[in-house]
Amino acid sequence: MVPLSWYIILSSVMFSIGVFGFLTRRNLLIIFISIELMLNSVNISFVAFSHYLQSMRGQIMVFFVITVAAAEAAIGLAILIAYYKNNPTIRVDEINLLKG
Amino acid sequence: MTTSQIFFGYFATVMTVLSLLVVTRKNPVHSVLWMLVLFIHMAALYLFLNAEFLAAIQMIVYAGAILVLFLFVVMMINLNKEETMPKFNSQWPVGLGIGIILAGFLVSIAGKITVLPELGKYSIEAVRAEGSMMTVGKVLYTEYLLPFEIASIVLLVAIIGAVVLAKKRIE
């Protein structure tokens, strides 16, 4: 039997890697991918708790997290495309202008 | 070491390495493709935790829809200019420090979870008798009906927002 804490450790390590990518990368697309990585690591701990506590709530929460992640990816990438039409760059340290 | 622990050890190692690959590749296409492998491993881990419905959703929604969206956006962007630039920003040591401190903090409290609520009624046998999808569906459409409807509104807003933001400006 795998202890619950192993899942929590895996989830926290993946979350920290996502935080590291979010804080350090220049490319806006990879920053979005890091956010997806963080959301997924949280999903792992939700499902692990759901299994070990024999409750369905964790799985329902994962369902909603996936919904929000899909909405976030769609809106975020649309903003990226809208910005790229005006200023062709996706490097966050060069993005300093919002008005087109 | 039991079989399940070896299985989990393989998945934990591979998923950690894949996460590191995702955040450190220079080319976003490589990042997205490593993310695809990561999602497949994650779906297998959900199967291991008796969440068949979520494993299917992980493959269909994340690997099938969200990653394809990322790949389409990668195709619309000129990557040649980005390839020549350094991939980390100038504050990367601070980011690395924050990541390591956060990981150390979270890992140190992971083993100390002792107070857990009492077990619910959805044991493995109860779920297996009805099927994973039917169990999730029953809870979702009774206890969580209002959040489910709000989720549909969130998706509607996302659709309208994405179309409005990405369309050509009409003068």
# chains A, B, ... in the order shown; residues from 1 in each chain; ligands from 1

call {"tool": "residues_around", "arguments": {"residues": "stretch 49-63 of chain B", "least_positions_apart": "5", "cutoff": "10 Å", "atoms": "only C-alpha atoms", "output": "PyMOL selection string"}}
result
(chain A and resi 36+40+43-44+47-52+56+59-60+62-63+66-67+69-70) or (chain B and resi 32-33+35-44+68-69+124+127-128+131-137)

call {"tool": "write_last_selection", "arguments": {"atoms": "C-alpha atoms", "output": "PDB file, in the first residue's frame"}}
result
ATOM      1  CA  GLU A  36      -1.223  24.181 -16.080  1.00  0.00           C
ATOM      2  CA  ASN A  40      -2.371  19.444 -12.365  1.00  0.00           C
ATOM      3  CA  ASN A  43      -5.354  17.679  -8.910  1.00  0.00           C
ATOM      4  CA  ILE A  44      -3.079  14.794  -7.911  1.00  0.00           C
ATOM      5  CA  VAL A  47      -7.572  12.614  -6.141  1.00  0.00           C
ATOM      6  CA  ALA A  48      -5.225  11.055  -3.568  1.00  0.00           C
ATOM      7  CA  PHE A  49      -7.229  12.510  -0.672  1.00  0.00           C
ATOM      8  CA  SER A  50     -10.455  11.447  -2.363  1.00  0.00           C
ATOM      9  CA  HIS A  51      -9.179   7.866  -2.575  1.00  0.00           C
ATOM     10  CA  TYR A  52      -7.782   7.666   0.947  1.00  0.00           C
ATOM     11  CA  MET A  56     -16.184  11.807  -3.797  1.00  0.00           C
ATOM     12  CA  GLN A  59     -12.909  14.059  -7.629  1.00  0.00           C
ATOM     13  CA  ILE A  60     -15.696  16.646  -8.045  1.00  0.00           C
ATOM     14  CA  VAL A  62     -10.821  18.038  -9.874  1.00  0.00           C
ATOM     15  CA  PHE A  63     -13.696  18.237 -12.357  1.00  0.00           C
ATOM     16  CA  ILE A  66     -10.221  21.141 -15.116  1.00  0.00           C
ATOM     17  CA  THR A  67     -13.137  23.381 -16.172  1.00  0.00           C
ATOM     18  CA  ALA A  69      -8.092  25.437 -16.373  1.00  0.00           C
ATOM     19  CA  ALA A  70      -9.723  25.078 -19.793  1.00  0.00           C
TER      20      ALA A  70
ATOM     21  CA  VAL B  32       4.132  20.998 -24.907  1.00  0.00           C
ATOM     22  CA  LEU B  33       5.099  17.524 -26.112  1.00  0.00           C
ATOM     23  CA  MET B  35       3.590  17.926 -21.125  1.00  0.00           C
ATOM     24  CA  LEU B  36       1.637  15.409 -23.228  1.00  0.00           C
ATOM     25  CA  VAL B  37       3.763  12.536 -21.881  1.00  0.00           C
ATOM     26  CA  LEU B  38       3.276  13.950 -18.375  1.00  0.00           C
ATOM     27  CA  PHE B  39      -0.523  13.991 -18.793  1.00  0.00           C
ATOM     28  CA  ILE B  40      -0.524  10.365 -19.955  1.00  0.00           C
ATOM     29  CA  HIS B  41       1.411   9.382 -16.831  1.00  0.00           C
ATOM     30  CA  MET B  42      -0.981  11.422 -14.731  1.00  0.00           C
ATOM     31  CA  ALA B  43      -3.990   9.626 -16.226  1.00  0.00           C
ATOM     32  CA  ALA B  44      -2.357   6.303 -15.312  1.00  0.00           C
ATOM     33  CA  VAL B  68      -3.832  21.122 -28.957  1.00  0.00           C
ATOM     34  CA  LEU B  69      -4.847  24.717 -28.212  1.00  0.00           C
ATOM     35  CA  ILE B 124     -13.616   0.892  -3.383  1.00  0.00           C
ATOM     36  CA  VAL B 127     -17.724   2.521  -6.213  1.00  0.00           C
ATOM     37  CA  ARG B 128     -16.988  -0.704  -8.057  1.00  0.00           C
ATOM     38  CA  GLY B 131     -19.178   2.188 -11.603  1.00  0.00           C
ATOM     39  CA  SER B 132     -16.943   5.223 -11.254  1.00  0.00           C
ATOM     40  CA  MET B 133     -18.817   7.376 -13.743  1.00  0.00           C
ATOM     41  CA  MET B 134     -22.242   6.774 -12.242  1.00  0.00           C
ATOM     42  CA  THR B 135     -20.955   7.550  -8.741  1.00  0.00           C
ATOM     43  CA  VAL B 136     -19.343  10.812  -9.847  1.00  0.00           C
ATOM     44  CA  GLY B 137     -22.430  11.723 -11.870  1.00  0.00           C
TER      45      GLY B 137
END

call {"tool": "interface_residues", "arguments": {"of": "chain B", "to": "chain A", "cutoff": "6 Å", "atoms": "only C-alpha atoms", "output": "PDB file with N, CA and C atoms, in the first residue's frame"}}
result
ATOM      1  N   GLN B   5       4.198  -0.066  -4.625  1.00  0.00           N
ATOM      2  CA  GLN B   5       5.184   0.971  -4.285  1.00  0.00           C
ATOM      3  C   GLN B   5       6.194   1.144  -5.412  1.00  0.00           C
ATOM      4  N   VAL B  23       9.537  22.726 -17.863  1.00  0.00           N
ATOM      5  CA  VAL B  23       9.835  24.130 -17.562  1.00  0.00           C
ATOM      6  C   VAL B  23      11.208  24.565 -18.046  1.00  0.00           C
ATOM      7  N   LYS B  87      16.786  31.824 -22.089  1.00  0.00           N
ATOM      8  CA  LYS B  87      15.437  31.378 -21.737  1.00  0.00           C
ATOM      9  C   LYS B  87      14.997  31.807 -20.349  1.00  0.00           C
ATOM     10  N   PHE B  88      15.942  32.028 -19.425  1.00  0.00           N
ATOM     11  CA  PHE B  88      15.551  32.458 -18.082  1.00  0.00           C
ATOM     12  C   PHE B  88      15.760  33.962 -17.953  1.00  0.00           C
ATOM     13  N   ASN B  89      14.935  34.616 -17.137  1.00  0.00           N
ATOM     14  CA  ASN B  89      15.112  36.046 -16.948  1.00  0.00           C
ATOM     15  C   ASN B  89      16.216  36.312 -15.942  1.00  0.00           C
ATOM     16  N   TRP B  92      16.445  34.786 -12.201  1.00  0.00           N
ATOM     17  CA  TRP B  92      16.196  33.352 -12.039  1.00  0.00           C
ATOM     18  C   TRP B  92      16.751  32.757 -10.756  1.00  0.00           C
ATOM     19  N   GLY B  95      13.997  32.996  -8.229  1.00  0.00           N
ATOM     20  CA  GLY B  95      12.923  32.052  -8.533  1.00  0.00           C
ATOM     21  C   GLY B  95      13.287  30.640  -8.124  1.00  0.00           C
ATOM     22  N   LEU B  96      14.550  30.261  -8.404  1.00  0.00           N
ATOM     23  CA  LEU B  96      15.014  28.919  -8.020  1.00  0.00           C
ATOM     24  C   LEU B  96      14.980  28.765  -6.502  1.00  0.00           C
ATOM     25  N   GLY B  99      11.427  28.375  -5.320  1.00  0.00           N
ATOM     26  CA  GLY B  99      10.939  27.032  -5.630  1.00  0.00           C
ATOM     27  C   GLY B  99      11.475  25.996  -4.665  1.00  0.00           C
ATOM     28  N   ALA B 103       9.282  23.858  -1.987  1.00  0.00           N
ATOM     29  CA  ALA B 103       9.284  22.390  -2.039  1.00  0.00           C
ATOM     30  C   ALA B 103       9.690  21.820  -0.689  1.00  0.00           C
ATOM     31  N   LEU B 106       6.767  22.289   1.829  1.00  0.00           N
ATOM     32  CA  LEU B 106       5.608  21.424   1.593  1.00  0.00           C
ATOM     33  C   LEU B 106       5.946  19.962   1.873  1.00  0.00           C
ATOM     34  N   VAL B 107       7.164  19.531   1.484  1.00  0.00           N
ATOM     35  CA  VAL B 107       7.548  18.133   1.717  1.00  0.00           C
ATOM     36  C   VAL B 107       7.699  17.867   3.206  1.00  0.00           C
ATOM     37  N   ALA B 110       4.357  17.246   4.675  1.00  0.00           N
ATOM     38  CA  ALA B 110       3.522  16.213   4.039  1.00  0.00           C
ATOM     39  C   ALA B 110       3.356  14.994   4.930  1.00  0.00           C
ATOM     40  N   GLY B 111       4.424  14.588   5.612  1.00  0.00           N
ATOM     41  CA  GLY B 111       4.331  13.380   6.427  1.00  0.00           C
ATOM     42  C   GLY B 111       3.661  13.605   7.762  1.00  0.00           C
ATOM     43  N   LEU B 119     -13.891   8.397   7.476  1.00  0.00           N
ATOM     44  CA  LEU B 119     -14.003   7.928   6.104  1.00  0.00           C
ATOM     45  C   LEU B 119     -15.419   8.096   5.588  1.00  0.00           C
ATOM     46  N   GLY B 120     -15.536   8.422   4.295  1.00  0.00           N
ATOM     47  CA  GLY B 120     -16.842   8.561   3.680  1.00  0.00           C
ATOM     48  C   GLY B 120     -17.413   7.221   3.279  1.00  0.00           C
ATOM     49  N   TYR B 122     -17.898   6.161   0.149  1.00  0.00           N
ATOM     50  CA  TYR B 122     -17.522   5.702  -1.193  1.00  0.00           C
ATOM     51  C   TYR B 122     -16.263   4.845  -1.113  1.00  0.00           C
ATOM     52  N   SER B 123     -16.375   3.672  -0.535  1.00  0.00           N
ATOM     53  CA  SER B 123     -15.233   2.760  -0.500  1.00  0.00           C
ATOM     54  C   SER B 123     -15.045   2.160  -1.891  1.00  0.00           C
ATOM     55  N   LEU B 155     -17.591  28.408 -18.633  1.00  0.00           N
ATOM     56  CA  LEU B 155     -17.159  27.974 -19.969  1.00  0.00           C
ATOM     57  C   LEU B 155     -17.756  28.860 -21.048  1.00  0.00           C
ATOM     58  N   ALA B 158     -15.856  31.968 -21.177  1.00  0.00           N
ATOM     59  CA  ALA B 158     -14.549  31.728 -21.800  1.00  0.00           C
ATOM     60  C   ALA B 158     -14.678  31.687 -23.315  1.00  0.00           C
ATOM     61  N   ALA B 162     -12.858  34.462 -25.559  1.00  0.00           N
ATOM     62  CA  ALA B 162     -11.805  34.073 -26.496  1.00  0.00           C
ATOM     63  C   ALA B 162     -12.123  34.585 -27.894  1.00  0.00           C
ATOM     64  N   LEU B 165     -11.703  38.458 -27.969  1.00  0.00           N
ATOM     65  CA  LEU B 165     -10.318  38.913 -27.887  1.00  0.00           C
ATOM     66  C   LEU B 165      -9.531  38.597 -29.147  1.00  0.00           C
ATOM     67  N   ALA B 166      -9.797  37.469 -29.779  1.00  0.00           N
ATOM     68  CA  ALA B 166      -8.939  37.028 -30.874  1.00  0.00           C
ATOM     69  C   ALA B 166      -9.445  37.455 -32.243  1.00  0.00           C
TER      70      ALA B 166
END

call {"tool": "closest_residue", "arguments": {"among": "B:Leu102, B:His30, B:Ser4, B:Leu156", "to": "B:Val74", "atoms": "only C-alpha atoms"}}
result
B:His30

call {"tool": "select_by_dssp", "arguments": {"residues": "chain A", "states": "alpha helix (DSSP H)", "output": "ChimeraX atom specification"}}
result
/A:4-24,28-52,57-86

call {"tool": "atom_distance", "arguments": {"atom1": "atom CA of B:Ile153", "atom2": "atom CA of B:Tyr141"}}
result
15.8 Å

call {"tool": "atom_distance", "arguments": {"atom1": "atom CA of B:Val154", "atom2": "atom CA of A:Leu98"}}
result
24.9 Å

call {"tool": "atom_distance", "arguments": {"atom1": "atom CA of B:Ile113", "atom2": "atom CA of B:Phe11"}}
result
22.5 Å
